[in-house]
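Undergrad: Just so it is clear, I am handing over start.tsv, which has TSV, C-alpha atoms and all ligand atoms.
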chain	number	residue	atom	x	y	z
A	98	MET	CA	-7.79	17.77	3.49
A	99	GLU	CA	-6.16	19.99	0.91
A	100	PHE	CA	-4.13	17.92	-1.60
A	101	GLN	CA	-0.74	19.52	-0.87
A	102	GLN	CA	-1.35	18.90	2.82
A	103	VAL	CA	-2.02	15.22	2.11
A	104	ILE	CA	1.25	14.96	0.18
A	105	LYS	CA	3.26	16.82	2.81
A	106	GLU	CA	1.80	15.18	5.90
A	107	ARG	CA	1.90	11.57	4.75
A	108	TYR	CA	4.72	9.56	6.26
A	109	SER	CA	5.39	5.90	6.90
A	110	CYS	CA	3.75	5.29	10.26
A	111	ARG	CA	5.43	2.57	12.28
A	112	LYS	CA	3.38	2.78	15.47
A	113	PHE	CA	-0.40	2.52	15.32
A	114	ALA	CA	-2.97	3.18	18.03
A	115	ASP	CA	-5.25	0.38	19.20
A	116	ARG	CA	-8.24	2.01	17.51
A	117	PRO	CA	-10.35	0.59	14.69
A	118	ILE	CA	-10.91	2.35	11.39
A	119	GLU	CA	-14.48	3.45	10.87
A	120	GLU	CA	-16.29	1.62	8.06
A	121	GLU	CA	-16.97	4.80	6.06
A	122	ARG	CA	-13.33	5.84	6.17
A	123	LEU	CA	-12.17	2.40	5.08
A	124	ASN	CA	-14.71	2.46	2.27
A	125	ALA	CA	-13.49	5.89	1.14
A	126	ILE	CA	-9.94	4.49	0.98
A	127	LEU	CA	-11.03	1.43	-1.01
A	128	GLU	CA	-13.11	3.61	-3.33
A	129	ALA	CA	-10.06	5.77	-4.10
A	130	GLY	CA	-8.29	2.59	-5.20
A	131	ARG	CA	-11.23	1.62	-7.36
A	132	LEU	CA	-11.00	4.93	-9.23
A	133	ALA	CA	-7.27	4.61	-9.98
A	134	PRO	CA	-6.19	4.35	-13.61
A	135	THR	CA	-4.94	1.00	-14.91
A	136	ALA	CA	-3.52	-0.02	-18.27
A	137	LYS	CA	-6.35	-0.42	-20.80
A	138	ASN	CA	-8.65	0.03	-17.79
A	139	LEU	CA	-8.25	-3.68	-17.10
A	140	GLN	CA	-8.52	-3.22	-13.30
A	141	GLY	CA	-6.60	-6.38	-12.52
A	142	GLN	CA	-5.91	-5.30	-8.95
A	143	ARG	CA	-7.14	-7.52	-6.13
A	144	ILE	CA	-7.33	-6.02	-2.64
A	145	TYR	CA	-7.71	-8.21	0.43
A	146	VAL	CA	-8.80	-6.40	3.59
A	147	VAL	CA	-7.34	-8.09	6.64
A	148	ARG	CA	-8.70	-6.98	10.01
A	149	SER	CA	-9.89	-10.06	11.88
A	150	PRO	CA	-7.70	-11.17	14.82
A	151	GLU	CA	-6.93	-14.44	12.97
A	152	GLY	CA	-6.11	-12.59	9.76
A	153	LEU	CA	-3.85	-10.10	11.53
A	154	ALA	CA	-2.06	-12.95	13.34
A	155	LYS	CA	-1.42	-14.50	9.95
A	156	ILE	CA	-0.07	-11.18	8.64
A	157	ASP	CA	2.26	-11.07	11.66
A	158	SER	CA	3.61	-14.46	10.64
A	159	LEU	CA	4.32	-13.10	7.13
A	160	THR	CA	5.99	-9.78	7.98
A	161	VAL	CA	7.49	-8.04	10.99
A	162	CYS	CA	6.14	-4.72	9.74
A	163	ARG	CA	2.50	-4.55	10.83
A	164	PHE	CA	3.40	-2.16	13.65
A	165	GLY	CA	0.04	-2.77	15.34
A	166	ALA	CA	-2.05	-1.60	12.39
A	167	PRO	CA	-5.69	-2.68	12.81
A	168	VAL	CA	-6.14	-3.09	9.05
A	169	VAL	CA	-3.72	-4.43	6.47
A	170	LEU	CA	-4.54	-4.29	2.77
A	171	VAL	CA	-2.91	-7.05	0.76
A	172	VAL	CA	-2.51	-5.71	-2.74
A	173	ALA	CA	-2.24	-8.25	-5.54
A	174	HIS	CA	-2.92	-8.39	-9.24
A	175	ASP	CA	-4.45	-11.00	-11.48
A	176	LYS	CA	-1.99	-12.19	-14.11
A	177	ASN	CA	-4.89	-12.77	-16.52
A	178	GLU	CA	-5.88	-9.10	-16.39
A	179	LEU	CA	-2.84	-7.13	-17.43
A	180	PHE	CA	-1.51	-5.41	-20.52
A	181	VAL	CA	1.61	-6.88	-22.11
A	182	TYR	CA	3.72	-4.11	-23.60
A	183	PRO	CA	4.73	-4.23	-27.23
A	184	GLY	CA	7.87	-6.35	-27.37
A	185	GLY	CA	6.40	-8.84	-24.92
A	186	LYS	CA	9.02	-8.37	-22.19
A	187	TYR	CA	7.09	-6.26	-19.70
A	188	ASP	CA	3.56	-5.99	-18.46
A	189	SER	CA	1.42	-3.62	-16.45
A	190	GLY	CA	0.47	-5.95	-13.57
A	191	VAL	CA	2.67	-4.51	-10.84
A	192	GLU	CA	2.23	-0.95	-12.10
A	193	ASP	CA	-1.54	-1.25	-12.00
A	194	ALA	CA	-1.47	-2.61	-8.46
A	195	VAL	CA	0.95	0.08	-7.32
A	196	ILE	CA	-1.07	3.01	-8.62
A	197	VAL	CA	-4.16	1.57	-6.93
A	198	ALA	CA	-2.16	1.25	-3.71
A	199	THR	CA	-0.86	4.82	-4.03
A	200	HIS	CA	-4.39	6.15	-4.44
A	201	MET	CA	-5.41	4.27	-1.29
A	202	MET	CA	-2.37	5.46	0.67
A	203	LEU	CA	-3.10	9.10	-0.13
A	204	ALA	CA	-6.84	8.70	0.41
A	205	ALA	CA	-6.02	7.25	3.83
A	206	LYS	CA	-4.15	10.43	4.81
A	207	ASP	CA	-7.07	12.47	3.54
A	208	GLN	CA	-9.28	10.48	5.93
A	209	GLY	CA	-6.91	11.10	8.86
A	210	ILE	CA	-5.63	7.53	8.65
A	211	ASP	CA	-1.90	6.82	8.57
A	212	SER	CA	-0.24	4.08	6.59
A	213	CYS	CA	2.94	2.20	5.91
A	214	TRP	CA	3.82	0.59	2.58
A	215	LEU	CA	5.45	-2.81	3.01
A	216	ASN	CA	7.39	-5.13	0.85
A	217	LEU	CA	9.30	-6.92	3.58
A	218	LEU	CA	7.49	-10.13	2.72
A	219	ASP	CA	7.76	-13.08	0.37
A	220	PRO	CA	4.94	-12.65	-2.17
A	221	ASP	CA	4.74	-16.34	-3.00
A	222	VAL	CA	4.57	-17.40	0.65
A	223	VAL	CA	1.90	-14.74	1.29
A	224	ALA	CA	-0.20	-15.95	-1.63
A	225	GLN	CA	0.08	-19.53	-0.44
A	226	GLU	CA	-0.66	-18.76	3.22
A	227	LEU	CA	-3.68	-16.60	2.34
A	228	GLY	CA	-4.96	-19.16	-0.14
A	229	LEU	CA	-5.04	-16.76	-3.08
A	230	PRO	CA	-5.90	-18.06	-6.56
A	231	GLU	CA	-2.95	-19.32	-8.66
A	232	SER	CA	-3.48	-16.47	-11.11
A	233	GLU	CA	-2.82	-13.77	-8.51
A	234	GLN	CA	0.53	-12.23	-7.66
A	235	VAL	CA	1.00	-10.40	-4.36
A	236	VAL	CA	2.65	-6.99	-4.75
A	237	MET	CA	2.69	-5.33	-1.32
A	238	PHE	CA	0.92	-4.75	1.99
A	239	LEU	CA	-0.49	-1.41	3.12
A	240	ASP	CA	-0.75	-1.01	6.89
A	241	LEU	CA	-3.60	1.31	7.84
A	242	GLY	CA	-4.62	2.82	11.15
A	243	TYR	CA	-4.62	5.83	13.41
A	244	ALA	CA	-1.11	6.79	14.42
A	245	ALA	CA	-0.20	6.20	18.07
A	246	GLU	CA	0.08	9.42	20.07
A	247	ASP	CA	3.86	9.19	20.14
A	248	ALA	CA	4.26	8.00	16.53
A	249	LYS	CA	6.54	10.13	14.43
A	250	PRO	CA	8.23	9.97	11.03
A	251	ALA	CA	11.62	8.22	10.82
A	252	HIS	CA	14.67	10.36	9.97
A	253	LYS	CA	14.59	9.14	6.37
A	254	HIS	CA	11.24	10.82	5.87
A	255	PHE	CA	12.96	14.20	6.00
A	256	SER	CA	15.64	13.28	3.48
A	257	ARG	CA	14.79	13.80	-0.17
A	258	LYS	CA	17.16	14.32	-3.10
A	259	GLU	CA	17.09	17.63	-4.90
A	260	LEU	CA	14.88	17.66	-7.99
A	261	ALA	CA	17.95	18.13	-10.20
A	262	GLU	CA	19.28	14.73	-9.06
A	263	THR	CA	16.20	12.83	-10.19
A	264	VAL	CA	14.66	14.95	-12.94
A	265	LYS	CA	16.36	15.58	-16.26
A	266	TYR	CA	15.06	17.77	-19.07
A	267	LEU	CA	15.84	16.29	-22.50
B	301	LIG	C1	8.18	-0.02	-2.39
B	301	LIG	C2	8.29	0.35	-0.93
B	301	LIG	C3	8.55	-0.64	0.00
B	301	LIG	C4	8.62	-0.33	1.36
B	301	LIG	N1	8.78	-1.33	2.27
B	301	LIG	C5	8.78	-1.04	3.59
B	301	LIG	C6	8.81	-2.08	4.56
B	301	LIG	O1	8.80	-3.28	4.24
B	301	LIG	N2	8.85	-1.75	5.87
B	301	LIG	C7	8.81	-0.44	6.28
B	301	LIG	O2	8.82	-0.19	7.49
B	301	LIG	N3	8.76	0.58	5.37
B	301	LIG	C8	8.74	0.30	4.05
B	301	LIG	N4	8.62	1.32	3.13
B	301	LIG	C9	8.60	2.72	3.57
B	301	LIG	C10	9.88	3.48	3.14
B	301	LIG	O3	10.95	3.07	3.95
B	301	LIG	C11	9.59	4.98	3.28
B	301	LIG	O4	8.57	5.32	2.38
B	301	LIG	C12	10.80	5.85	2.98
B	301	LIG	O5	11.84	5.62	3.89
B	301	LIG	C13	10.45	7.34	3.02
B	301	LIG	O6	9.86	7.66	4.27
B	301	LIG	P1	8.37	8.25	4.39
B	301	LIG	O7	7.43	7.27	3.72
B	301	LIG	O8	8.13	8.35	5.88
B	301	LIG	O9	8.36	9.57	3.70
B	301	LIG	C14	8.51	1.02	1.78
B	301	LIG	C15	8.21	2.01	0.83
B	301	LIG	C16	8.08	1.67	-0.49
B	301	LIG	C17	7.72	2.75	-1.49
Can the structure from this file be put into structure tokens for me?
Ligand SMILES: Cc1cc2nc3c(=O)[nH]c(=O)nc-3n(C[C@H](O)[C@H](O)[C@H](O)COP(=O)(O)O)c2cc1C

TA:
Amino acid sequence: MEFQQVIKERYSCRKFADRPIEEERLNAILEAGRLAPTAKNLQGQRIYVVRSPEGLAKIDSLTVCRFGAPVVLVVAHDKNELFVYPGGKYDSGVEDAVIVATHMMLAAKDQGIDSCWLNLLDPDVVAQELGLPESEQVVMFLDLGYAAEDAKPAHKHFSRKELAETVKYL
């Protein structure tokens, strides 16, 4: 798909078809995450692919926002693999995970796969329930799947601020 088309056609899909994602498409999505930039190239992201019936049932107990997606990516980062900014107050952990997730979200659209970014979850409960290592912090879920035939973007999708409201030239 042409890049501008990917950007324009992506929306948060909240109704997925009961259709699996082909292995090669899923791999292309994961590969796009692998190639994302991270601070100091530390690559502290950790991606958990959930698609087994038991795994998806667990996801359903952790969020109400799976919307029938056949695959959910749990995006986390390892607190031992991040860059602490000068000053010591901030670090790159969440940023690194988020850019990886953004790559995967856009790669999904390129593959004809729709997605929904979720943070309606308690990261600590998710980490505990999924048995993640102590050093890992959950950042978000990415629902992935083919959109249901009658799926459509929510009204909010069509509402964006003017550039002048969010971009300032100094
Ligand atoms: C950080 C973040 C968290 C979000 N969390 C949720 C969520 O928990 N559930 C949900 O249905 N959508 C969630 N969304 C989707 C947004 O509501 C959606 O991106 C926004 O309304 C714009 O619509 P669009 O993605 O269709 O263009 C989230 C998006 C982002 C970027």

Undergrad: Counting only C-alpha atoms, which residue out of A:Tyr182, A:Tyr266, A:Phe113, A:Phe164 sits closest to A:Ala244?

TA: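 When distances to A:Ala244 are compared using only C-alpha atoms, the smallest one comes from A:Phe113.
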
Undergrad: Step by step, measure atom-to-atom distances between ligand LIG 301 (chain B) and each residue using all atoms listed in the file, keep those at most 6 Å, then write them as a list in words.

TA: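 Here is the list of contacting residues: Tyr108, Ser109, Cys162, Trp214, Leu215, Asn216, Leu217, Pro250, Lys253 and His254 of chain A.
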
Undergrad: Please determine the residues with any atom at most 12 Å from (-9.6, -1.8, -20.0) (coordinates as given in the file, with all atoms listed in the file counting) and report them as an NGL selection string.

TA: :A and (134-141 or 178-180 or 189 or 193)

Undergrad: Give me the residues near A:Gly209 as a CSV table (one decimal) with C-alpha atoms, keeping the file's coordinate frame, where near means some atom within 10 Å (using only C-alpha atoms) and where sequence neighbours in that chain fewer than 6 positions away do not count.

TA:
chain,number,residue,atom,x,y,z
A,98,MET,CA,-7.8,17.8,3.5
A,103,VAL,CA,-2.0,15.2,2.1
A,107,ARG,CA,1.9,11.6,4.8
A,118,ILE,CA,-10.9,2.4,11.4
A,122,ARG,CA,-13.3,5.8,6.2
A,203,LEU,CA,-3.1,9.1,-0.1
A,242,GLY,CA,-4.6,2.8,11.2
A,243,TYR,CA,-4.6,5.8,13.4
A,244,ALA,CA,-1.1,6.8,14.4

Undergrad: One number please: atom CA of A:Asp115 to atom CA of A:Leu127, in Å, one decimal.

TA: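 We find that atom CA of A:Asp115 and atom CA of A:Leu127 lie 21.0 Å from each other.
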
Undergrad: Between A:Leu170, A:Leu218, A:Ala133, A:Ala204, single out the one closest to A:Leu241, counting only C-alpha atoms.

TA: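 When distances to A:Leu241 are compared using only C-alpha atoms, the smallest one comes from A:Leu170.
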
Undergrad: From the set A:Lys249, A:Lys105, A:Cys110, A:Lys258, which residue has the shortest atom-to-atom contact distance to A:Arg163, counting all atoms listed in the file?

TA: A:Cys110

Undergrad: Pick the closest to A:Arg131 from A:Ala198, A:Asp211, A:Leu239, A:Ser256: which is it, counting only C-alpha atoms?

TA: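 Ranked by minimum distance to A:Arg131, first place goes to A:Ala198.
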
Undergrad: Counting all atoms listed in the file, which residue out of A:Val235, A:Val161, A:Ala194, A:Ile210 sits closest to A:Glu119?

TA: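 The shortest atom-to-atom distance to A:Glu119 comes from A:Ile210.
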
Undergrad: Smallest atom-to-atom distance to A:Ala224: which of A:Glu262, A:Asp175, A:Glu246, A:Asp240, using only C-alpha atoms?

TA: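 Between A:Glu262, A:Asp175, A:Glu246, A:Asp240, the residue approaching A:Ala224 most closely is A:Asp175.
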
Undergrad: Would you kindly return, as a list in words, each protein, DNA or RNA residue with an atom no farther than 10 Å from any atom of stretch 154-157 of chain A, considering all atoms listed in the file and excluding same-chain residues fewer than 5 positions away?

TA: Val147, Arg148, Ser149, Cys162, Arg163, Phe164, Gly165, Val169, Val171, Leu218, Val223, Glu226, Leu227 and Phe238 of chain A

Undergrad: So that I can look at just that part, could you write stretch 191-232 of chain A with C-alpha atoms, as a tab-separated table (two decimals), in the first residue's frame?

TA:
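Heads up, here's the output in part-v5.tsv:
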chain	number	residue	atom	x	y	z
A	191	VAL	CA	7.77	3.96	27.11
A	192	GLU	CA	8.88	5.97	24.07
A	193	ASP	CA	10.81	3.03	22.68
A	194	ALA	CA	7.86	0.69	23.15
A	195	VAL	CA	5.47	3.19	21.59
A	196	ILE	CA	7.47	3.76	18.44
A	197	VAL	CA	7.77	-0.01	18.00
A	198	ALA	CA	4.00	-0.29	18.44
A	199	THR	CA	3.39	2.53	15.95
A	200	HIS	CA	5.54	0.80	13.35
A	201	MET	CA	3.52	-2.38	13.88
A	202	MET	CA	0.18	-0.57	13.73
A	203	LEU	CA	1.04	1.04	10.39
A	204	ALA	CA	2.60	-2.14	9.01
A	205	ALA	CA	-0.64	-3.91	9.90
A	206	LYS	CA	-2.64	-1.51	7.72
A	207	ASP	CA	-0.13	-2.04	4.94
A	208	GLN	CA	-0.86	-5.77	5.22
A	209	GLY	CA	-4.64	-5.18	5.07
A	210	ILE	CA	-4.94	-5.85	8.80
A	211	ASP	CA	-6.82	-3.44	11.04
A	212	SER	CA	-5.88	-2.58	14.59
A	213	CYS	CA	-6.89	-0.83	17.76
A	214	TRP	CA	-4.45	0.67	20.26
A	215	LEU	CA	-5.50	0.02	23.85
A	216	ASN	CA	-4.58	1.39	27.18
A	217	LEU	CA	-7.80	0.58	28.99
A	218	LEU	CA	-5.94	-1.86	31.20
A	219	ASP	CA	-3.93	-1.92	34.41
A	220	PRO	CA	-0.30	-2.53	33.36
A	221	ASP	CA	0.70	-4.04	36.69
A	222	VAL	CA	-2.22	-6.46	36.75
A	223	VAL	CA	-1.50	-7.44	33.13
A	224	ALA	CA	2.16	-8.12	33.91
A	225	GLN	CA	1.20	-10.21	36.91
A	226	GLU	CA	-1.54	-12.18	35.13
A	227	LEU	CA	0.68	-12.91	32.13
A	228	GLY	CA	3.61	-13.85	34.35
A	229	LEU	CA	6.00	-11.32	32.84
A	230	PRO	CA	9.46	-10.87	34.36
A	231	GLU	CA	9.74	-8.30	37.18
A	232	SER	CA	11.94	-6.11	34.99
